[in-house]
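Asks: Structure provided below as structure tokens; questions to follow.
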Amino acid sequence: MVDTSNVEYEPVRAAIAARFKSPLDLPKDIFSDSAVYKEELKRIFYGKYWHMLAHRAELPEPNSFKTTWLGEMPVLITRGEDDRIRAFVNACSHRGTLLEQRPTGCAQQFQCPYHRWLFNNEGDFCGAPGVRNFRSDFRKEDYALPELKVEEFAGLIFCSLAADVSIETWLGACGEHVRDCMIDDGRLTLLGYQKAIFHANWKTYFDNDFYHAPLLHLGFRVLGWQGGKGVVHVTEPVGHFSVGYDSEPYKDNGFLADPSVVETRGTDLRARVVALRPTYVLTKHVDTIGVRFVRPLGVDRTEVTYAFFGHESDTPEYREHRVRQASNLLGPSGLITIEDAAVFNRQQMTAADGGLSRFVNGVDQPPSESTQNDENGNTVGWAYYREVMGFAS
Amino acid sequence: MHPDVVRPNHETIDAAQLDELLGAYAAALDGQDWQAWLGLFAEECSYAVYSIENAQAGLPLGYMIDDRRERLLDRVNFITNVWAGTIEPYRTRHIIQRISAGRSADGLYNMRANMIVSYAERDQVRGILVSGYYQDVVQITEGGPRFVKKAVYLDGTPARYLAYPL
């Protein structure tokens with residue numbers, strides 16, 4: 001079959017490129033044009049980027065598995081008897097039936113319900129009824145589940161279809177911030193998930209999630225958490241971003257009837273946010289440790305799964321504190337983070353008006369000198385995106 | 001753990017009072033009368049919203065966990081004084097049906113009720129916000145029936161982010 005995607009994309013690309021002269025001024029079409037979205041699936045989700053799809057704590061024992069999505073591709077992540085984590089396209093190699101439909105579980109083998117094809121958790125085809133009647137050129141090696149590249153970093157499982165560098169190289173200097181944020185000792189435990197569907201393009205979600213102008217957060221203000229002094233790092237050329245700051249403990253100003261929900265009971269007072277291109281976010285705020293997995297649902301909807309973690313050393317009381325803090329502060333309905341969601345959706349509502357989304361604050365200085373309220377933490381990643389999508393030429 | 005349905009029993013239950021409470025609860029939420037909502041909880045009370053997915057997997061995280069009255073007060077305070085003007089408001093209709101109730105030895109009622117909530121934004125009906133069920137503990141007080149404990153279990157991902165209690 002002739003691949004017509006370039007024919008369809010080229011006029012869209014050229015029209016956007018004519019207006020996309022700088023990473024400071026984004027033509028809003030990139031958030032609303034379905035041809036751009038389809039091309040992003042190819043160049044970004046199925047391209048050379050690494051994608052954070054799981055954490056080892058979600059696969060707590062040998063033979064654990066998790067199903068998820070990379071773009072619009074179903075993915076099955078397994079932990080083998082050998083403790084190695086693998087990822088496969090979660091589709092039977094015979095007629096394409098979704099192989100495993102449970103979100104998580106434990107299994108050594110996966111059987112397709114359609115013709116009872118059987119695969120082990122290393123992706124090998126193990127057998128099926130009637131093999132003797134299969135086509136003459138049938139070789140079971142040709143019917144293993146297609147495997148994705150997998151690398152683990154600080155307990156996080158990264159997958160890619162076409163990465164040409166290691167995850168270590170991909171993350172660059174941001175790697176140390178990932179390790180710092182994720183308490184990289186292999187002893188995190190899963191507390192659960194919160195899920196939200198935002199009526200926004202995946203980039204709208206990401207670009208406005210990690211960049212937290214405290215001006216938006218009235219919740220910060222009433223809690224006395226005025227930000228702006230955080231130390232920002234932007235990793236070039238991809239544009240990973242991290243910010244860390246010493247969070248001020250809440251001083252009881254009478255606003256909250258129950259201040260215990262914002263208390264930091266652990267010894268780690270530093271807050272941090274790490275944003276990994278193309279669209280993944282890690283947070284460590286007060287006593288919560290959170291990871292945000294992202295799945296685009298077309299050009300204008302995005303599902304975000306907020307996973308929160310505790311630590312094996314937590315006392316029952318501390319674990320309970322983490323649970324109520326994560327449940328009330330930093331998820332999609334959190335006292336603090338709910339204000340972000342409104343911005344995602346309200347930006348998407350204007351995305352087809354032919355205008356620009358512009359960065360102005362602090363962008364004349366190099367990213368290495370940026371502070372938390374500056375917008376040049378966003379622009380390095382946009383410059384990279386502009387190149388990858390062919391808008392720079 | 002994911003709680004079981006309360007088995008029907010043959011003792012007399014005060015169904016009218018329980019249904020009156022559920023009706024008043026729907027009216028308070030749909031009318032966004034947050035003081036009325038608070039008034040339907042006993043002095044010592046808890047309110048939480050969980051996904052069935054987490055509950056079935058034994059994971060304790062929720063969308064909201066207000067495990068004491070002060071947390072409910074703070075939730076109302078944020079809705080009225082912090083988020084207004086930032087979040088996108090929406091209207092709801094709570095359709096609630098009691099499916100079982102039983103009385104425990106301490107005189108409290110354990111009740112389960114199914115619910116479907118529709119929502120409208122900018123005067124357009126969007127569809128179903130959530131479906132799920134309530135697992136409640138109810139006390140009949142001199143002032144009427146009150147929730148001692150209300151846990152909401154959601155069937156799946158809400159259609160939009162939740163700003164208000166369910």
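In the structure tokens, chains take the letters A, B, ... in the order shown, each chain's residues start at 1, and ligands count up from 1 in the order shown.
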Would you mind listing, as a list in words, all residues of chain B that have at least one atom within 8 Å of chain A, where only C-alpha atoms are what counts?
Replies: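 Result, ordered by chain then number: Ser51, Asn54, Leu59, Pro60, Leu61, Gly62, Tyr63, Met64, Ile65, Asp66, Glu70, Arg71, Leu73, Asp74, Arg75, Phe78, Val82, Trp83, Thr86, Ile87, Glu88, Thr157, Pro158, Ala159, Arg160, Tyr161, Leu162 and Ala163 of chain B.
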Asks: Give me the residues near Ala42 of chain B as JSON, numbers by chain, where near means some atom within 9 Å (using only C-alpha atoms) and where sequence neighbours in that chain fewer than 4 positions away do not count.
Replies: {"B": [38, 46, 69, 138, 139, 141, 145, 146, 147, 148, 149]}
Asks: Restricting the calculation to only C-alpha atoms, which member of A:Lys149, A:Arg116, A:Arg265, A:His321 is positioned closest to Asp67 of chain B?
Replies: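 Closest to Asp67 of chain B, using only C-alpha atoms: A:His321.
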Asks: In Å, with one decimal, what is the gap from atom CA of Lys28 of chain A to atom CA of Leu356 of chain A?
Replies: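 Interatomic distance here is 5.3 Å.
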Asks: Name the residues in contact with Ser166 of chain A at a cut-off of 10 Å, using only C-alpha atoms, excluding same-chain residues fewer than 6 positions from it; report them as a VMD selection string.
Replies: chain A and resid 50 149 to 151 172
Asks: As a short mmCIF file (atom, residue, chain, number, x, y, z; two decimals) with N, CA and C atoms, in the first residue's frame, list the residues of segment 117-351 of chain A assigned to strand (DSSP E) by DSSP on the backbone atoms of this structure.
Replies:
```
data_model
loop_
_atom_site.label_atom_id
_atom_site.label_comp_id
_atom_site.auth_asym_id
_atom_site.auth_seq_id
_atom_site.Cartn_x
_atom_site.Cartn_y
_atom_site.Cartn_z
N LEU A 118 -1.16 -18.90 22.13
CA LEU A 118 -0.57 -18.75 23.46
C LEU A 118 0.82 -18.12 23.35
N PHE A 119 1.08 -17.14 24.22
CA PHE A 119 2.39 -16.47 24.25
C PHE A 119 2.89 -16.48 25.69
N ASN A 120 4.20 -16.63 25.87
CA ASN A 120 4.73 -16.51 27.23
C ASN A 120 5.07 -15.04 27.51
N PHE A 125 5.80 -17.01 20.82
CA PHE A 125 4.64 -17.82 20.45
C PHE A 125 4.87 -19.23 20.99
N CYS A 126 3.95 -19.75 21.80
CA CYS A 126 4.16 -21.05 22.44
C CYS A 126 3.32 -22.15 21.82
N GLY A 127 2.33 -21.79 21.06
CA GLY A 127 1.51 -22.83 20.46
C GLY A 127 0.09 -22.36 20.23
N GLU A 147 8.40 -6.60 19.90
CA GLU A 147 8.96 -6.12 21.16
C GLU A 147 9.42 -4.68 21.06
N LEU A 148 9.19 -3.92 22.10
CA LEU A 148 9.66 -2.54 22.17
C LEU A 148 10.99 -2.51 22.90
N LYS A 149 11.78 -1.49 22.63
CA LYS A 149 12.98 -1.29 23.43
C LYS A 149 12.56 -0.87 24.83
N VAL A 150 13.22 -1.41 25.84
CA VAL A 150 12.90 -1.07 27.23
C VAL A 150 14.19 -0.73 27.96
N GLU A 151 14.19 0.36 28.68
CA GLU A 151 15.28 0.65 29.61
C GLU A 151 14.67 1.17 30.90
N GLU A 152 15.34 0.84 32.00
CA GLU A 152 14.84 1.22 33.31
C GLU A 152 15.76 2.29 33.87
N PHE A 153 15.15 3.29 34.48
CA PHE A 153 15.96 4.36 35.07
C PHE A 153 15.26 4.82 36.35
N LEU A 156 11.80 3.74 36.94
CA LEU A 156 10.85 4.07 35.88
C LEU A 156 11.15 3.23 34.64
N ILE A 157 10.09 2.75 34.00
CA ILE A 157 10.25 1.92 32.81
C ILE A 157 10.00 2.79 31.58
N PHE A 158 11.02 2.93 30.76
CA PHE A 158 10.92 3.71 29.53
C PHE A 158 10.88 2.76 28.34
N CYS A 159 10.03 3.08 27.38
CA CYS A 159 9.90 2.25 26.18
C CYS A 159 10.06 3.12 24.94
N SER A 160 10.49 2.50 23.87
CA SER A 160 10.63 3.23 22.61
C SER A 160 10.59 2.25 21.46
N LEU A 188 10.12 1.79 46.42
CA LEU A 188 8.83 2.48 46.38
C LEU A 188 7.70 1.45 46.31
N THR A 189 6.55 1.82 46.86
CA THR A 189 5.37 0.95 46.80
C THR A 189 4.22 1.75 46.20
N LEU A 190 3.39 1.09 45.43
CA LEU A 190 2.29 1.77 44.75
C LEU A 190 1.14 2.03 45.72
N LEU A 191 0.65 3.26 45.75
CA LEU A 191 -0.52 3.60 46.58
C LEU A 191 -1.81 3.63 45.77
N GLY A 192 -1.69 3.80 44.46
CA GLY A 192 -2.90 3.79 43.64
C GLY A 192 -2.86 4.84 42.55
N TYR A 193 -4.00 4.93 41.84
CA TYR A 193 -4.09 5.80 40.66
C TYR A 193 -5.27 6.75 40.79
N GLN A 194 -5.10 7.90 40.19
CA GLN A 194 -6.23 8.79 39.90
C GLN A 194 -6.15 9.05 38.40
N LYS A 195 -7.29 9.06 37.75
CA LYS A 195 -7.28 9.27 36.30
C LYS A 195 -8.15 10.46 35.95
N ALA A 196 -7.73 11.16 34.92
CA ALA A 196 -8.53 12.30 34.46
C ALA A 196 -8.44 12.35 32.95
N ILE A 197 -9.53 12.77 32.33
CA ILE A 197 -9.51 13.04 30.89
C ILE A 197 -9.65 14.55 30.73
N PHE A 198 -8.62 15.16 30.16
CA PHE A 198 -8.67 16.59 29.91
C PHE A 198 -9.09 16.82 28.47
N VAL A 231 15.00 26.59 41.79
CA VAL A 231 16.14 26.45 40.89
C VAL A 231 15.70 25.61 39.69
N VAL A 232 15.82 26.21 38.51
CA VAL A 232 15.34 25.57 37.29
C VAL A 232 16.51 25.01 36.49
N HIS A 233 16.33 23.80 35.97
CA HIS A 233 17.31 23.22 35.04
C HIS A 233 16.57 22.82 33.78
N VAL A 234 17.11 23.20 32.65
CA VAL A 234 16.54 22.77 31.37
C VAL A 234 17.64 22.02 30.63
N THR A 235 17.33 20.79 30.21
CA THR A 235 18.33 19.95 29.56
C THR A 235 18.20 20.10 28.05
N HIS A 240 14.05 18.60 28.51
CA HIS A 240 13.57 18.15 29.82
C HIS A 240 13.74 19.30 30.80
N PHE A 241 12.87 19.32 31.80
CA PHE A 241 12.82 20.48 32.70
C PHE A 241 12.75 19.97 34.14
N SER A 242 13.43 20.64 35.03
CA SER A 242 13.22 20.31 36.44
C SER A 242 13.31 21.58 37.27
N VAL A 243 12.53 21.62 38.32
CA VAL A 243 12.60 22.74 39.26
C VAL A 243 12.59 22.15 40.67
N GLY A 244 13.41 22.71 41.51
CA GLY A 244 13.45 22.29 42.90
C GLY A 244 13.47 23.50 43.80
N TYR A 245 12.79 23.40 44.91
CA TYR A 245 12.81 24.52 45.85
C TYR A 245 12.52 24.01 47.26
N ASP A 246 13.01 24.76 48.22
CA ASP A 246 12.72 24.42 49.61
C ASP A 246 11.31 24.89 49.93
N ARG A 270 12.38 19.37 50.43
CA ARG A 270 12.52 19.97 49.10
C ARG A 270 11.39 19.50 48.18
N ALA A 271 10.77 20.45 47.51
CA ALA A 271 9.76 20.11 46.51
C ALA A 271 10.44 20.08 45.15
N ARG A 272 10.02 19.21 44.28
CA ARG A 272 10.55 19.23 42.93
C ARG A 272 9.51 18.71 41.91
N VAL A 273 9.70 19.23 40.72
CA VAL A 273 8.90 18.80 39.57
C VAL A 273 9.89 18.51 38.46
N VAL A 274 9.77 17.34 37.85
CA VAL A 274 10.63 16.99 36.72
C VAL A 274 9.70 16.68 35.54
N ALA A 275 9.95 17.32 34.42
CA ALA A 275 9.11 17.12 33.24
C ALA A 275 9.97 16.54 32.13
N LEU A 276 9.57 15.37 31.65
CA LEU A 276 10.36 14.66 30.64
C LEU A 276 9.65 14.72 29.30
N TYR A 280 5.79 13.64 30.04
CA TYR A 280 5.67 12.93 31.31
C TYR A 280 6.17 13.79 32.47
N VAL A 281 5.52 13.64 33.63
CA VAL A 281 5.81 14.52 34.75
C VAL A 281 6.02 13.70 36.02
N LEU A 282 7.03 14.08 36.80
CA LEU A 282 7.29 13.50 38.11
C LEU A 282 7.18 14.62 39.14
N THR A 283 6.62 14.31 40.30
CA THR A 283 6.52 15.34 41.33
C THR A 283 6.88 14.78 42.69
N LYS A 284 7.48 15.60 43.48
CA LYS A 284 7.69 15.28 44.90
C LYS A 284 7.30 16.56 45.65
N HIS A 285 6.13 16.53 46.23
CA HIS A 285 5.61 17.68 46.98
C HIS A 285 5.22 17.20 48.36
N THR A 288 4.26 13.57 49.24
CA THR A 288 3.78 12.75 48.13
C THR A 288 4.87 12.55 47.08
N ILE A 289 4.84 11.37 46.47
CA ILE A 289 5.71 11.06 45.33
C ILE A 289 4.78 10.64 44.20
N GLY A 290 4.80 11.40 43.12
CA GLY A 290 3.82 11.14 42.06
C GLY A 290 4.45 11.06 40.69
N VAL A 291 3.82 10.26 39.84
CA VAL A 291 4.23 10.10 38.45
C VAL A 291 2.99 10.28 37.59
N ARG A 292 3.09 11.03 36.53
CA ARG A 292 1.93 11.24 35.65
C ARG A 292 2.19 10.61 34.29
N PHE A 293 1.43 9.55 34.00
CA PHE A 293 1.50 8.88 32.70
C PHE A 293 0.46 9.52 31.78
N VAL A 294 0.80 9.60 30.52
CA VAL A 294 -0.05 10.37 29.60
C VAL A 294 -0.37 9.57 28.35
N ARG A 295 -1.63 9.59 27.97
CA ARG A 295 -2.07 8.89 26.75
C ARG A 295 -2.92 9.86 25.93
N PRO A 296 -2.46 10.22 24.72
CA PRO A 296 -3.31 11.07 23.89
C PRO A 296 -4.52 10.29 23.39
N THR A 302 -6.91 14.11 26.23
CA THR A 302 -5.72 13.49 26.81
C THR A 302 -6.09 12.83 28.13
N GLU A 303 -5.71 11.57 28.26
CA GLU A 303 -5.92 10.89 29.54
C GLU A 303 -4.63 10.93 30.35
N VAL A 304 -4.75 11.40 31.57
CA VAL A 304 -3.58 11.44 32.45
C VAL A 304 -3.84 10.53 33.64
N THR A 305 -2.91 9.64 33.89
CA THR A 305 -2.99 8.74 35.05
C THR A 305 -1.98 9.21 36.08
N TYR A 306 -2.49 9.64 37.21
CA TYR A 306 -1.63 10.08 38.31
C TYR A 306 -1.39 8.86 39.20
N ALA A 307 -0.15 8.39 39.24
CA ALA A 307 0.19 7.27 40.13
C ALA A 307 0.96 7.83 41.32
N PHE A 308 0.59 7.41 42.51
CA PHE A 308 1.29 7.88 43.71
C PHE A 308 1.95 6.70 44.42
N PHE A 309 3.06 7.02 45.07
CA PHE A 309 3.88 5.98 45.68
C PHE A 309 4.20 6.30 47.14
N GLY A 310 4.38 5.23 47.90
CA GLY A 310 4.95 5.34 49.23
C GLY A 310 6.29 4.61 49.23
N HIS A 311 6.78 4.32 50.41
CA HIS A 311 8.08 3.67 50.53
C HIS A 311 7.97 2.51 51.50
#
```
Asks: When you draw a straight line from atom CA of Ala28 of chain B to atom CA of His94 of chain B, how long is it in Å?
Replies: 10.0 Å
Asks: How many Å separate atom CA of Gly156 of chain B from atom CA of Ala84 of chain B?
Replies: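 We find that atom CA of Gly156 of chain B and atom CA of Ala84 of chain B lie 26.4 Å from each other.
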Asks: Can you check which residues of segment 80-233 of chain A DSSP gives as alpha helix (DSSP H) on the backbone and send them as an MDAnalysis selection string?
Replies: chainID A and resid 167:171 175:181 202:209 218:222
Asks: Just C-alpha atoms for this one: save the residues we selected as a PDB file, in the first residue's frame.
Replies:
```
ATOM      1  CA  ILE A 167      17.857   6.404  28.275  1.00  0.00           C
ATOM      2  CA  GLU A 168      20.839   7.727  30.203  1.00  0.00           C
ATOM      3  CA  THR A 169      21.910   9.773  27.190  1.00  0.00           C
ATOM      4  CA  TRP A 170      18.335  10.806  26.419  1.00  0.00           C
ATOM      5  CA  LEU A 171      17.826  12.206  29.922  1.00  0.00           C
ATOM      6  CA  GLY A 175      18.866  12.078  34.990  1.00  0.00           C
ATOM      7  CA  GLU A 176      20.124  13.138  38.396  1.00  0.00           C
ATOM      8  CA  HIS A 177      16.900  15.088  38.977  1.00  0.00           C
ATOM      9  CA  VAL A 178      14.856  12.034  38.014  1.00  0.00           C
ATOM     10  CA  ARG A 179      16.819   9.932  40.518  1.00  0.00           C
ATOM     11  CA  ASP A 180      16.410  12.582  43.188  1.00  0.00           C
ATOM     12  CA  CYS A 181      12.669  12.923  42.609  1.00  0.00           C
ATOM     13  CA  TRP A 202      -1.493  16.297  24.856  1.00  0.00           C
ATOM     14  CA  LYS A 203       0.994  19.155  24.393  1.00  0.00           C
ATOM     15  CA  THR A 204      -1.422  21.658  25.916  1.00  0.00           C
ATOM     16  CA  TYR A 205      -1.627  19.383  28.923  1.00  0.00           C
ATOM     17  CA  PHE A 206       2.116  18.905  29.239  1.00  0.00           C
ATOM     18  CA  ASP A 207       3.280  22.436  28.508  1.00  0.00           C
ATOM     19  CA  ASN A 208       1.014  23.847  31.196  1.00  0.00           C
ATOM     20  CA  ASP A 209       1.322  21.091  33.752  1.00  0.00           C
ATOM     21  CA  LEU A 218      -4.616  30.853  44.627  1.00  0.00           C
ATOM     22  CA  GLY A 219      -4.311  27.663  46.639  1.00  0.00           C
ATOM     23  CA  PHE A 220      -0.551  28.301  46.980  1.00  0.00           C
ATOM     24  CA  ARG A 221      -1.235  31.787  48.189  1.00  0.00           C
ATOM     25  CA  VAL A 222      -3.624  30.846  50.963  1.00  0.00           C
TER      26      VAL A 222
END
```
Asks: Can you list, as a PyMOL selection string, every protein, DNA or RNA residue that comes within 10 Å of segment 96-103 of chain B when you count only C-alpha atoms, leaving out same-chain residues fewer than 3 positions away?
Replies: chain B and resi 5-15+18-19+22-23+25-26+93+106-117+132-139
Asks: Can you tell me which residues surround Ala144 of chain A at a distance of at most 8 Å, considering only C-alpha atoms, apart from same-chain residues fewer than 2 positions away, and format the answer as a PyMOL selection string?
Replies: chain A and resi 93+119+123-125+140-142+146
Asks: Restricting it to N, CA and C atoms, dump the selection as a CSV table (one decimal), in the first residue's frame.
Replies:
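Contents of result17.csv, freshly written:
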```csv
chain,number,residue,atom,x,y,z
A,93,SER,N,-0.5,-11.8,17.4
A,93,SER,CA,0.2,-11.7,16.1
A,93,SER,C,-0.5,-12.4,15.0
A,119,PHE,N,1.1,-17.1,24.2
A,119,PHE,CA,2.4,-16.5,24.2
A,119,PHE,C,2.9,-16.5,25.7
A,123,GLY,N,7.2,-13.0,25.3
A,123,GLY,CA,6.7,-12.6,24.0
A,123,GLY,C,6.7,-13.7,23.0
A,124,ASP,N,7.2,-14.9,23.3
A,124,ASP,CA,7.4,-16.0,22.4
A,124,ASP,C,6.0,-16.6,22.1
A,125,PHE,N,5.8,-17.0,20.8
A,125,PHE,CA,4.6,-17.8,20.4
A,125,PHE,C,4.9,-19.2,21.0
A,140,LYS,N,7.5,-20.1,13.9
A,140,LYS,CA,6.9,-19.5,15.1
A,140,LYS,C,7.7,-18.2,15.5
A,141,GLU,N,9.0,-18.1,15.1
A,141,GLU,CA,9.8,-16.9,15.4
A,141,GLU,C,9.2,-15.7,14.7
A,142,ASP,N,8.5,-15.9,13.6
A,142,ASP,CA,7.9,-14.7,12.9
A,142,ASP,C,6.7,-14.2,13.6
A,146,PRO,N,5.6,-8.4,18.7
A,146,PRO,CA,6.6,-7.4,18.5
A,146,PRO,C,7.1,-6.7,19.8
```
